[in-house]
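Peer 1: mmCIF, C-alpha atoms, file query28.cif:
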```cif
data_work
#
loop_
_atom_site.group_PDB
_atom_site.id
_atom_site.type_symbol
_atom_site.label_atom_id
_atom_site.label_comp_id
_atom_site.auth_asym_id
_atom_site.auth_seq_id
_atom_site.Cartn_x
_atom_site.Cartn_y
_atom_site.Cartn_z
ATOM 1 C CA MET A 26 -20.005 24.442 -10.444
ATOM 2 C CA GLU A 27 -20.867 25.613 -6.904
ATOM 3 C CA CYS A 28 -18.339 25.975 -4.064
ATOM 4 C CA GLU A 29 -19.663 22.872 -2.282
ATOM 5 C CA GLN A 30 -19.222 20.670 -5.358
ATOM 6 C CA VAL A 31 -15.761 22.071 -6.012
ATOM 7 C CA ARG A 32 -14.640 21.517 -2.422
ATOM 8 C CA ALA A 33 -15.786 17.899 -2.566
ATOM 9 C CA LEU A 34 -13.543 17.357 -5.603
ATOM 10 C CA ILE A 35 -10.477 19.314 -4.445
ATOM 11 C CA PRO A 36 -8.669 16.317 -2.827
ATOM 12 C CA TRP A 37 -8.736 14.511 -6.176
ATOM 13 C CA TYR A 38 -7.852 17.697 -8.055
ATOM 14 C CA VAL A 39 -4.774 17.772 -5.807
ATOM 15 C CA ASN A 40 -3.887 14.121 -6.478
ATOM 16 C CA GLY A 41 -4.386 14.667 -10.208
ATOM 17 C CA THR A 42 -6.992 11.980 -10.849
ATOM 18 C CA LEU A 43 -10.099 13.962 -11.836
ATOM 19 C CA SER A 44 -11.468 13.508 -15.336
ATOM 20 C CA GLY A 45 -10.599 16.243 -17.840
ATOM 21 C CA ASP A 46 -14.065 17.822 -17.567
ATOM 22 C CA GLU A 47 -14.098 17.796 -13.762
ATOM 23 C CA ALA A 48 -10.569 19.184 -13.511
ATOM 24 C CA ALA A 49 -11.427 21.974 -15.973
ATOM 25 C CA ALA A 50 -14.565 22.895 -14.011
ATOM 26 C CA VAL A 51 -12.625 23.001 -10.722
ATOM 27 C CA ALA A 52 -9.852 25.098 -12.288
ATOM 28 C CA GLU A 53 -12.384 27.510 -13.769
ATOM 29 C CA HIS A 54 -14.092 27.970 -10.388
ATOM 30 C CA ILE A 55 -10.855 28.346 -8.447
ATOM 31 C CA ALA A 56 -9.711 31.093 -10.778
ATOM 32 C CA VAL A 57 -12.574 33.287 -9.556
ATOM 33 C CA CYS A 58 -13.185 32.074 -5.962
ATOM 34 C CA ALA A 59 -10.701 33.105 -3.274
ATOM 35 C CA ASN A 60 -12.233 30.843 -0.614
ATOM 36 C CA CYS A 61 -11.905 27.740 -2.763
ATOM 37 C CA ARG A 62 -8.359 28.772 -3.732
ATOM 38 C CA GLU A 63 -7.554 28.851 -0.038
ATOM 39 C CA GLU A 64 -9.159 25.418 0.379
ATOM 40 C CA LEU A 65 -7.035 24.126 -2.499
ATOM 41 C CA ALA A 66 -3.845 25.480 -0.913
ATOM 42 C CA SER A 67 -4.626 23.953 2.483
ATOM 43 C CA THR A 68 -5.563 20.581 0.942
ATOM 44 C CA HIS A 69 -2.349 20.579 -1.082
ATOM 45 C CA GLN A 70 -0.382 21.301 2.090
ATOM 46 C CA LEU A 71 -2.239 18.528 3.921
ATOM 47 C CA SER A 72 -1.497 16.011 1.155
ATOM 48 C CA LEU A 73 2.231 16.798 1.427
ATOM 49 C CA GLN A 74 2.122 16.390 5.212
ATOM 50 C CA VAL A 75 0.313 13.055 4.886
ATOM 51 C CA ARG A 76 2.839 11.759 2.354
ATOM 52 C CA THR A 77 5.760 12.769 4.553
ATOM 53 C CA ALA A 78 4.199 11.215 7.651
ATOM 54 C CA ILE A 79 3.419 7.912 5.926
ATOM 55 C CA ASP A 80 6.874 7.824 4.315
ATOM 56 C CA GLU A 81 8.256 7.771 7.852
ATOM 57 C CA THR A 82 6.524 4.433 8.530
ATOM 58 C CA PRO A 83 8.971 1.790 9.813
ATOM 59 C CA PRO A 84 10.451 -0.268 6.947
ATOM 60 C CA LEU A 85 8.986 -3.649 6.010
ATOM 61 C CA PRO A 86 11.345 -6.253 7.510
ATOM 62 C CA GLY A 87 13.115 -8.610 5.078
ATOM 63 C CA ARG A 88 11.803 -11.609 7.036
ATOM 64 C CA VAL A 89 8.387 -11.089 5.419
ATOM 65 C CA TRP A 90 9.820 -11.860 1.970
ATOM 66 C CA ASP A 91 11.529 -14.958 3.409
ATOM 67 C CA ARG A 92 8.185 -16.140 4.804
ATOM 68 C CA VAL A 93 6.361 -15.453 1.521
ATOM 69 C CA ARG A 94 9.013 -17.327 -0.459
ATOM 70 C CA THR A 95 8.892 -20.269 1.928
ATOM 71 C CA GLU A 96 5.108 -20.419 1.891
ATOM 72 C CA LYS A 97 4.910 -20.361 -1.892
ATOM 73 C CA GLY A 98 7.377 -23.210 -2.057
ATOM 74 C CA GLU A 99 10.846 -21.683 -2.213
ATOM 75 C CA VAL A 100 13.142 -22.811 0.588
ATOM 76 C CA GLN A 101 16.185 -20.809 1.527
ATOM 77 C CA LEU A 102 19.260 -23.001 2.088
ATOM 78 C CA GLY A 103 21.515 -20.266 3.376
ATOM 79 C CA SER A 104 22.360 -16.589 3.230
ATOM 80 C CA LEU A 105 25.252 -14.300 3.962
ATOM 81 C CA ASP A 106 24.952 -10.629 4.870
ATOM 82 C CA LEU A 107 28.012 -8.389 4.633
ATOM 83 C CA GLY A 108 28.483 -4.697 5.455
ATOM 84 C CA SER A 109 26.127 -2.373 7.275
ATOM 85 C CA PHE A 110 22.509 -1.218 6.959
ATOM 86 C CA LEU A 111 23.607 1.678 4.728
ATOM 87 C CA LEU A 112 26.013 -0.199 2.451
ATOM 88 C CA GLY A 113 26.246 -3.944 2.134
ATOM 89 C CA LEU A 114 25.984 -7.107 0.099
ATOM 90 C CA SER A 115 23.553 -10.017 0.576
ATOM 91 C CA LEU A 116 24.086 -13.478 -0.941
ATOM 92 C CA GLY A 117 21.502 -16.247 -0.858
ATOM 93 C CA LEU A 118 21.038 -19.834 -1.993
ATOM 94 C CA SER A 119 17.575 -21.405 -2.219
ATOM 95 C CA VAL A 120 15.582 -24.177 -3.916
ATOM 96 C CA THR A 121 12.300 -23.407 -5.692
ATOM 97 C CA ARG A 122 9.183 -25.595 -5.602
ATOM 98 C CA ARG A 123 10.243 -26.882 -9.050
ATOM 99 C CA GLY A 124 13.476 -28.163 -7.540
ATOM 100 C CA ARG A 125 15.727 -25.537 -9.159
ATOM 101 C CA ALA A 126 18.610 -24.091 -7.202
ATOM 102 C CA ARG A 127 18.661 -20.325 -7.097
ATOM 103 C CA PHE A 128 21.594 -18.079 -6.275
ATOM 104 C CA THR A 129 20.749 -14.447 -5.635
ATOM 105 C CA SER A 130 22.776 -11.420 -4.695
ATOM 106 C CA SER A 131 21.776 -7.886 -3.915
ATOM 107 C CA MET A 132 23.408 -4.662 -2.820
ATOM 108 C CA ARG A 133 22.182 -2.538 0.015
ATOM 109 C CA LEU A 134 22.604 1.136 -0.699
ATOM 110 C CA LEU A 135 21.413 3.698 1.887
ATOM 111 C CA GLY A 136 19.103 1.039 3.328
ATOM 112 C CA ARG A 137 17.505 0.158 -0.033
ATOM 113 C CA GLN A 138 17.851 -3.374 -1.406
ATOM 114 C CA VAL A 139 18.928 -3.490 -5.074
ATOM 115 C CA PRO A 140 18.894 -6.954 -6.761
ATOM 116 C CA ILE A 141 22.039 -7.440 -8.867
ATOM 117 C CA TYR A 142 22.027 -11.119 -9.825
ATOM 118 C CA SER A 143 19.717 -14.122 -9.888
ATOM 119 C CA THR A 144 20.593 -17.408 -11.620
ATOM 120 C CA ILE A 145 16.962 -18.052 -12.581
ATOM 121 C CA GLU A 146 16.549 -14.623 -14.182
ATOM 122 C CA LYS A 147 19.824 -15.176 -16.035
ATOM 123 C CA GLU A 148 18.599 -18.556 -17.382
ATOM 124 C CA GLU A 149 15.280 -17.026 -18.412
ATOM 125 C CA ASN A 150 16.928 -14.097 -20.153
ATOM 126 C CA SER A 151 19.341 -16.333 -22.041
ATOM 127 C CA GLY A 152 16.424 -18.609 -22.974
ATOM 128 C CA LYS A 153 14.592 -15.672 -24.558
ATOM 129 C CA SER A 154 17.525 -14.423 -26.614
ATOM 130 C CA MET B 9 -0.128 0.446 -15.324
ATOM 131 C CA ALA B 10 0.628 -1.597 -18.438
ATOM 132 C CA HIS B 11 3.893 -2.610 -16.787
ATOM 133 C CA GLU B 12 2.011 -3.804 -13.691
ATOM 134 C CA ARG B 13 -0.466 -5.807 -15.779
ATOM 135 C CA ASP B 14 2.358 -7.370 -17.730
ATOM 136 C CA LEU B 15 4.118 -8.270 -14.489
ATOM 137 C CA LEU B 16 0.950 -9.795 -13.039
ATOM 138 C CA ALA B 17 0.374 -11.790 -16.233
ATOM 139 C CA ARG B 18 3.840 -13.292 -15.870
ATOM 140 C CA VAL B 19 3.151 -14.051 -12.199
ATOM 141 C CA ALA B 20 0.006 -15.893 -13.352
ATOM 142 C CA ARG B 21 2.363 -18.073 -15.416
ATOM 143 C CA LYS B 22 4.276 -18.761 -12.171
ATOM 144 C CA ASP B 23 7.331 -16.745 -13.102
ATOM 145 C CA ASP B 24 9.336 -16.487 -9.872
ATOM 146 C CA ALA B 25 11.440 -13.509 -10.940
ATOM 147 C CA SER B 26 8.345 -11.496 -11.912
ATOM 148 C CA PHE B 27 6.762 -12.342 -8.578
ATOM 149 C CA GLN B 28 9.814 -11.001 -6.800
ATOM 150 C CA ARG B 29 9.582 -7.764 -8.824
ATOM 151 C CA LEU B 30 5.872 -7.479 -8.044
ATOM 152 C CA TYR B 31 6.655 -8.023 -4.373
ATOM 153 C CA GLU B 32 9.295 -5.284 -4.474
ATOM 154 C CA GLU B 33 6.788 -2.892 -6.069
ATOM 155 C CA PHE B 34 3.810 -3.624 -3.830
ATOM 156 C CA ALA B 35 4.848 -5.175 -0.511
ATOM 157 C CA LYS B 36 5.854 -1.889 1.100
ATOM 158 C CA ARG B 37 2.684 -0.175 -0.155
ATOM 159 C CA VAL B 38 0.500 -3.008 1.164
ATOM 160 C CA PHE B 39 2.387 -2.829 4.469
ATOM 161 C CA ARG B 40 1.658 0.898 4.767
ATOM 162 C CA TYR B 41 -1.982 0.357 3.866
ATOM 163 C CA ALA B 42 -2.336 -2.436 6.440
ATOM 164 C CA LEU B 43 -0.558 -0.323 9.048
ATOM 165 C CA THR B 44 -2.978 2.513 8.317
ATOM 166 C CA LEU B 45 -5.905 0.130 8.814
ATOM 167 C CA LEU B 46 -4.612 -1.910 11.748
ATOM 168 C CA ARG B 47 -1.958 0.260 13.440
ATOM 169 C CA ASP B 48 -0.115 -2.899 14.455
ATOM 170 C CA GLN B 49 3.201 -3.694 12.806
ATOM 171 C CA HIS B 50 3.080 -7.478 13.320
ATOM 172 C CA LEU B 51 -0.472 -7.791 12.030
ATOM 173 C CA ALA B 52 0.462 -5.583 9.066
ATOM 174 C CA GLU B 53 3.376 -7.921 8.257
ATOM 175 C CA GLU B 54 0.942 -10.833 8.348
ATOM 176 C CA VAL B 55 -1.339 -8.985 5.921
ATOM 177 C CA VAL B 56 1.569 -8.458 3.507
ATOM 178 C CA GLN B 57 2.485 -12.136 3.693
ATOM 179 C CA GLU B 58 -1.053 -13.413 3.125
ATOM 180 C CA THR B 59 -1.802 -10.836 0.437
ATOM 181 C CA MET B 60 1.297 -11.663 -1.604
ATOM 182 C CA ILE B 61 0.687 -15.426 -1.328
ATOM 183 C CA THR B 62 -2.864 -14.835 -2.580
ATOM 184 C CA VAL B 63 -1.481 -12.757 -5.458
ATOM 185 C CA TRP B 64 0.835 -15.665 -6.348
ATOM 186 C CA ASP B 65 -1.996 -18.206 -6.149
ATOM 187 C CA LYS B 66 -4.747 -16.126 -7.776
ATOM 188 C CA ALA B 67 -2.954 -13.916 -10.304
ATOM 189 C CA SER B 68 -4.662 -15.811 -13.136
ATOM 190 C CA THR B 69 -8.080 -14.685 -11.818
ATOM 191 C CA TYR B 70 -7.297 -10.977 -12.336
ATOM 192 C CA VAL B 71 -9.639 -9.920 -15.132
ATOM 193 C CA GLY B 72 -8.180 -6.494 -15.857
ATOM 194 C CA SER B 73 -11.291 -4.430 -15.173
ATOM 195 C CA SER B 74 -9.532 -2.538 -12.365
ATOM 196 C CA ARG B 75 -6.023 -1.262 -11.735
ATOM 197 C CA VAL B 76 -3.585 -3.909 -10.496
ATOM 198 C CA SER B 77 -3.004 -1.773 -7.391
ATOM 199 C CA THR B 78 -6.749 -1.642 -6.653
ATOM 200 C CA TRP B 79 -6.954 -5.435 -7.057
ATOM 201 C CA ILE B 80 -4.030 -6.000 -4.688
ATOM 202 C CA PHE B 81 -5.297 -3.459 -2.143
ATOM 203 C CA GLY B 82 -8.696 -5.175 -2.279
ATOM 204 C CA ILE B 83 -7.028 -8.453 -1.286
ATOM 205 C CA ALA B 84 -5.066 -6.673 1.465
ATOM 206 C CA ARG B 85 -8.234 -5.104 2.795
ATOM 207 C CA HIS B 86 -9.993 -8.477 3.028
ATOM 208 C CA LYS B 87 -6.936 -10.011 4.694
ATOM 209 C CA SER B 88 -6.814 -7.169 7.221
ATOM 210 C CA TYR B 89 -10.414 -7.726 8.253
ATOM 211 C CA ASP B 90 -9.957 -11.541 8.232
ATOM 212 C CA ILE B 91 -6.990 -11.169 10.567
ATOM 213 C CA LEU B 92 -8.980 -8.906 12.860
ATOM 214 C CA LYS B 93 -11.801 -11.459 12.996
ATOM 215 C CA LYS B 94 -9.342 -14.286 13.652
ATOM 216 C CA GLU B 95 -7.656 -12.346 16.441
ATOM 217 C CA LYS B 96 -11.066 -11.578 17.896
ATOM 218 C CA LYS B 97 -12.019 -15.262 17.981
ATOM 219 C CA GLY B 98 -8.638 -16.014 19.551
ATOM 220 C CA GLY B 99 -9.713 -14.024 22.576
ATOM 221 C CA ARG B 100 -7.697 -10.857 22.004
ATOM 222 C CA MET B 101 -10.850 -8.789 22.339
ATOM 223 C CA ASP B 102 -9.225 -5.945 24.243
ATOM 224 C CA GLU B 103 -6.404 -5.604 21.745
ATOM 225 C CA ILE B 104 -8.786 -5.712 18.791
ATOM 226 C CA ALA B 105 -10.987 -3.119 20.396
ATOM 227 C CA SER B 106 -7.948 -0.913 20.742
ATOM 228 C CA VAL B 107 -7.033 -1.450 17.082
ATOM 229 C CA ILE B 108 -10.502 -0.522 15.893
ATOM 230 C CA ASP B 109 -11.748 2.120 18.277
ATOM 231 C CA ASP B 110 -9.165 3.360 20.707
ATOM 232 C CA PRO B 111 -7.105 6.285 19.488
ATOM 233 C CA ALA B 112 -4.162 5.030 21.550
ATOM 234 C CA PRO B 113 -1.592 3.980 18.936
ATOM 235 C CA ALA B 114 -0.249 0.452 18.594
ATOM 236 C CA ILE B 115 2.900 1.573 16.817
ATOM 237 C CA GLU B 116 5.505 4.084 17.758
ATOM 238 C CA ARG B 117 4.461 7.636 16.991
ATOM 239 C CA GLN B 118 6.298 9.355 14.163
ATOM 240 C CA GLY B 119 5.297 12.959 14.638
ATOM 241 C CA HIS B 120 2.306 15.156 15.043
ATOM 242 C CA VAL B 121 0.725 14.494 11.621
ATOM 243 C CA ARG B 122 1.103 10.730 11.966
ATOM 244 C CA THR B 123 -0.594 10.949 15.362
ATOM 245 C CA ALA B 124 -3.431 12.997 13.885
ATOM 246 C CA ILE B 125 -3.920 10.423 11.079
ATOM 247 C CA ASP B 126 -3.819 7.503 13.518
ATOM 248 C CA ASN B 127 -6.420 9.170 15.699
ATOM 249 C CA LEU B 128 -8.936 9.400 12.854
ATOM 250 C CA PRO B 129 -11.717 6.802 12.691
ATOM 251 C CA PRO B 130 -10.571 3.821 10.533
ATOM 252 C CA ASP B 131 -12.797 4.658 7.541
ATOM 253 C CA GLN B 132 -11.399 8.209 7.427
ATOM 254 C CA ARG B 133 -7.781 7.034 7.808
ATOM 255 C CA GLU B 134 -8.302 4.750 4.858
ATOM 256 C CA ILE B 135 -9.683 7.498 2.600
ATOM 257 C CA ILE B 136 -6.795 9.811 3.496
ATOM 258 C CA PHE B 137 -4.245 7.069 2.721
ATOM 259 C CA LEU B 138 -5.807 6.009 -0.562
ATOM 260 C CA THR B 139 -6.260 9.590 -1.789
ATOM 261 C CA PHE B 140 -3.101 11.351 -0.683
ATOM 262 C CA TYR B 141 -0.631 8.475 -0.519
ATOM 263 C CA GLU B 142 -1.802 6.080 -3.216
ATOM 264 C CA ASN B 143 -3.273 8.834 -5.423
ATOM 265 C CA LEU B 144 -6.345 6.790 -6.308
ATOM 266 C CA PRO B 145 -9.311 8.442 -8.072
ATOM 267 C CA TYR B 146 -12.464 8.676 -5.950
ATOM 268 C CA LYS B 147 -14.192 6.248 -8.313
ATOM 269 C CA ALA B 148 -11.492 3.602 -7.746
ATOM 270 C CA ILE B 149 -11.765 4.149 -3.976
ATOM 271 C CA ALA B 150 -15.542 3.691 -4.168
ATOM 272 C CA ASP B 151 -15.015 0.418 -6.079
ATOM 273 C CA LEU B 152 -12.347 -0.798 -3.675
ATOM 274 C CA LEU B 153 -14.405 -0.072 -0.559
ATOM 275 C CA ASP B 154 -17.686 -0.998 -2.247
ATOM 276 C CA ILE B 155 -19.354 2.251 -1.200
ATOM 277 C CA PRO B 156 -21.044 5.051 -3.207
ATOM 278 C CA GLU B 157 -18.833 7.832 -4.561
ATOM 279 C CA GLY B 158 -20.766 10.311 -2.395
ATOM 280 C CA THR B 159 -19.730 8.376 0.706
ATOM 281 C CA VAL B 160 -16.071 8.599 -0.332
ATOM 282 C CA LYS B 161 -16.428 12.378 -0.598
ATOM 283 C CA SER B 162 -18.252 12.731 2.708
ATOM 284 C CA ARG B 163 -15.656 10.607 4.528
ATOM 285 C CA MET B 164 -12.962 12.827 3.042
ATOM 286 C CA TYR B 165 -14.839 15.921 4.210
ATOM 287 C CA TYR B 166 -14.912 14.680 7.812
ATOM 288 C CA ALA B 167 -11.339 13.373 7.644
ATOM 289 C CA LYS B 168 -10.038 16.757 6.510
ATOM 290 C CA LYS B 169 -12.113 18.546 9.130
ATOM 291 C CA ASN B 170 -10.790 16.281 11.901
ATOM 292 C CA LEU B 171 -7.204 16.584 10.689
ATOM 293 C CA ALA B 172 -7.465 20.376 10.467
ATOM 294 C CA GLU B 173 -8.720 20.497 14.060
ATOM 295 C CA ALA B 174 -6.005 18.141 15.290
ATOM 296 C CA LEU B 175 -3.242 20.042 13.509
ATOM 297 C CA SER B 176 -4.400 23.576 14.348
#
```
Please rewrite the model in this file as structure tokens.
Peer 2:
Amino acid sequence: MECEQVRALIPWYVNGTLSGDEAAAVAEHIAVCANCREELASTHQLSLQVRTAIDETPPLPGRVWDRVRTEKGEVQLGSLDLGSFLLGLSLGLSVTRRGRARFTSSMRLLGRQVPIYSTIEKEENSGKS
Amino acid sequence: MAHERDLLARVARKDDASFQRLYEEFAKRVFRYALTLLRDQHLAEEVVQETMITVWDKASTYVGSSRVSTWIFGIARHKSYDILKKEKKGGRMDEIASVIDDPAPAIERQGHVRTAIDNLPPDQREIIFLTFYENLPYKAIADLLDIPEGTVKSRMYYAKKNLAEALS
């Protein structure tokens, strides 16, 4: 494989999605080509920078889930939010399009929402067992 | 991937809990993709909303020939361009022009690299996001964008060149 072909594949060598044959050909070339090794190192560095930058995107607001749920037919009757952004508890009561009441609760840990209870999931799980 | 297909199959059977899990797995990723395309937080939220409703309504049409993520990103991509067209018809020509062409950002800047990415042309931003953030193979990107694999590679070439210049 020539340098030009290898360089065109390096971004996907870095993200680990080349086929076995392509990855082997790139690896073989890089082992003997200092310029392409340098290109690999800089592309790897760039991929890390891109990931970090995109990870810093503002969080998706919870209101979007409320809108999705409402639009697909689930109506929220009420909710209660306790604690802070870093540590808290959310409780909610809603009615699905099928007319079933749903109680949900989730914990908020370091800003991440972790579901801990849903009456519908509980019914479904007990129905399966 | 098998987990995602299983989840989507249960969503096709209108399983609310599975839909919520699918939302938790994909909504943030779709939001970041839409933000990369549109650079407008409110429009990106709209894309997430419309994409996830379409997933709920159309999950049964997923045929399994592509990754679930590629299928969902395909929907998000269409929604992003639909929203742009709708906004354009609504008379927000100047704002749309800024979203598409003007390097001036519509969202708050989050550092030098983010600025450099946002200043890339939209087709290059998209390739960078799908390759380095979503880790998609170039073949999947070509399918998603409906362009030849060679075009994916050439867009990446120019994107990397532009980023290197901006970050040097």
Peer 1: Please find the residues of chain A near chain B - the criterion being any atom within 7 Å, counting only C-alpha atoms - and write them as a PDB file with C-alpha atoms, keeping the file's coordinate frame.
Peer 2:
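Heads up, here's the output in result_10.pdb:
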```pdb
ATOM      1  CA  ALA A  33     -15.786  17.899  -2.566  1.00  0.00           C
ATOM      2  CA  TRP A  37      -8.736  14.511  -6.176  1.00  0.00           C
ATOM      3  CA  ASN A  40      -3.887  14.121  -6.478  1.00  0.00           C
ATOM      4  CA  THR A  42      -6.992  11.980 -10.849  1.00  0.00           C
ATOM      5  CA  LEU A  43     -10.099  13.962 -11.836  1.00  0.00           C
ATOM      6  CA  SER A  72      -1.497  16.011   1.155  1.00  0.00           C
ATOM      7  CA  GLN A  74       2.122  16.390   5.212  1.00  0.00           C
ATOM      8  CA  VAL A  75       0.313  13.055   4.886  1.00  0.00           C
ATOM      9  CA  ARG A  76       2.839  11.759   2.354  1.00  0.00           C
ATOM     10  CA  ALA A  78       4.199  11.215   7.651  1.00  0.00           C
ATOM     11  CA  GLU A  81       8.256   7.771   7.852  1.00  0.00           C
ATOM     12  CA  LEU A  85       8.986  -3.649   6.010  1.00  0.00           C
ATOM     13  CA  VAL A  89       8.387 -11.089   5.419  1.00  0.00           C
ATOM     14  CA  VAL A  93       6.361 -15.453   1.521  1.00  0.00           C
ATOM     15  CA  LYS A  97       4.910 -20.361  -1.892  1.00  0.00           C
ATOM     16  CA  GLU A 146      16.549 -14.623 -14.182  1.00  0.00           C
TER      17      GLU A 146
END
```
Peer 1: Which one is closest to Leu111 of chain A: A:Ala66, A:Ile79, A:Ala59, A:Leu134? Count only C-alpha atoms.
Peer 2: A:Leu134
Peer 1: At a cut-off of 10 Å around the point (-10.3, 1.6, -5.6) (file coordinates), what residues fall inside when counting only C-alpha atoms? I'd like the answer as a PyMOL selection string.
Peer 2: chain B and resi 74-82+138-139+142+144-154
Peer 1: Pick the closest to Tyr89 of chain B from B:Ala42, B:Val71, B:Leu128, B:Val63: which is it, counting all atoms listed in the file?
Peer 2: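 Among B:Ala42, B:Val71, B:Leu128, B:Val63, it is B:Ala42 that comes nearest to Tyr89 of chain B.
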Peer 1: So how many Å separate atom CA of Asp126 of chain B and atom CA of Pro36 of chain A, to one decimal?
Peer 2: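 Atom CA of Pro36 of chain A lies 19.2 Å from atom CA of Asp126 of chain B.
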Peer 1: Identify the residues within 10 Å of coordinate (27.8, -17.1, -3.2) (same frame as the file), considering all atoms listed in the file, and give the answer as a PyMOL selection string.
Peer 2: chain A and resi 103-105+115-118+128-130
Peer 1: What does the structure give for the distance between atom CA of Thr159 of chain B and atom CA of Val31 of chain A, in Å to one decimal?
Peer 2: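 For atom CA of Thr159 of chain B relative to atom CA of Val31 of chain A, the distance reads 15.8 Å.
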Peer 1: Any idea what the distance is between atom CA of Gly45 of chain A and atom CA of Pro156 of chain B?
Peer 2: 21.2 Å
Peer 1: Between B:Ile91, B:Ala167, B:Thr69, B:Asn127, which has the minimum distance to Arg21 of chain B (counting all atoms listed in the file)?
Peer 2: B:Thr69
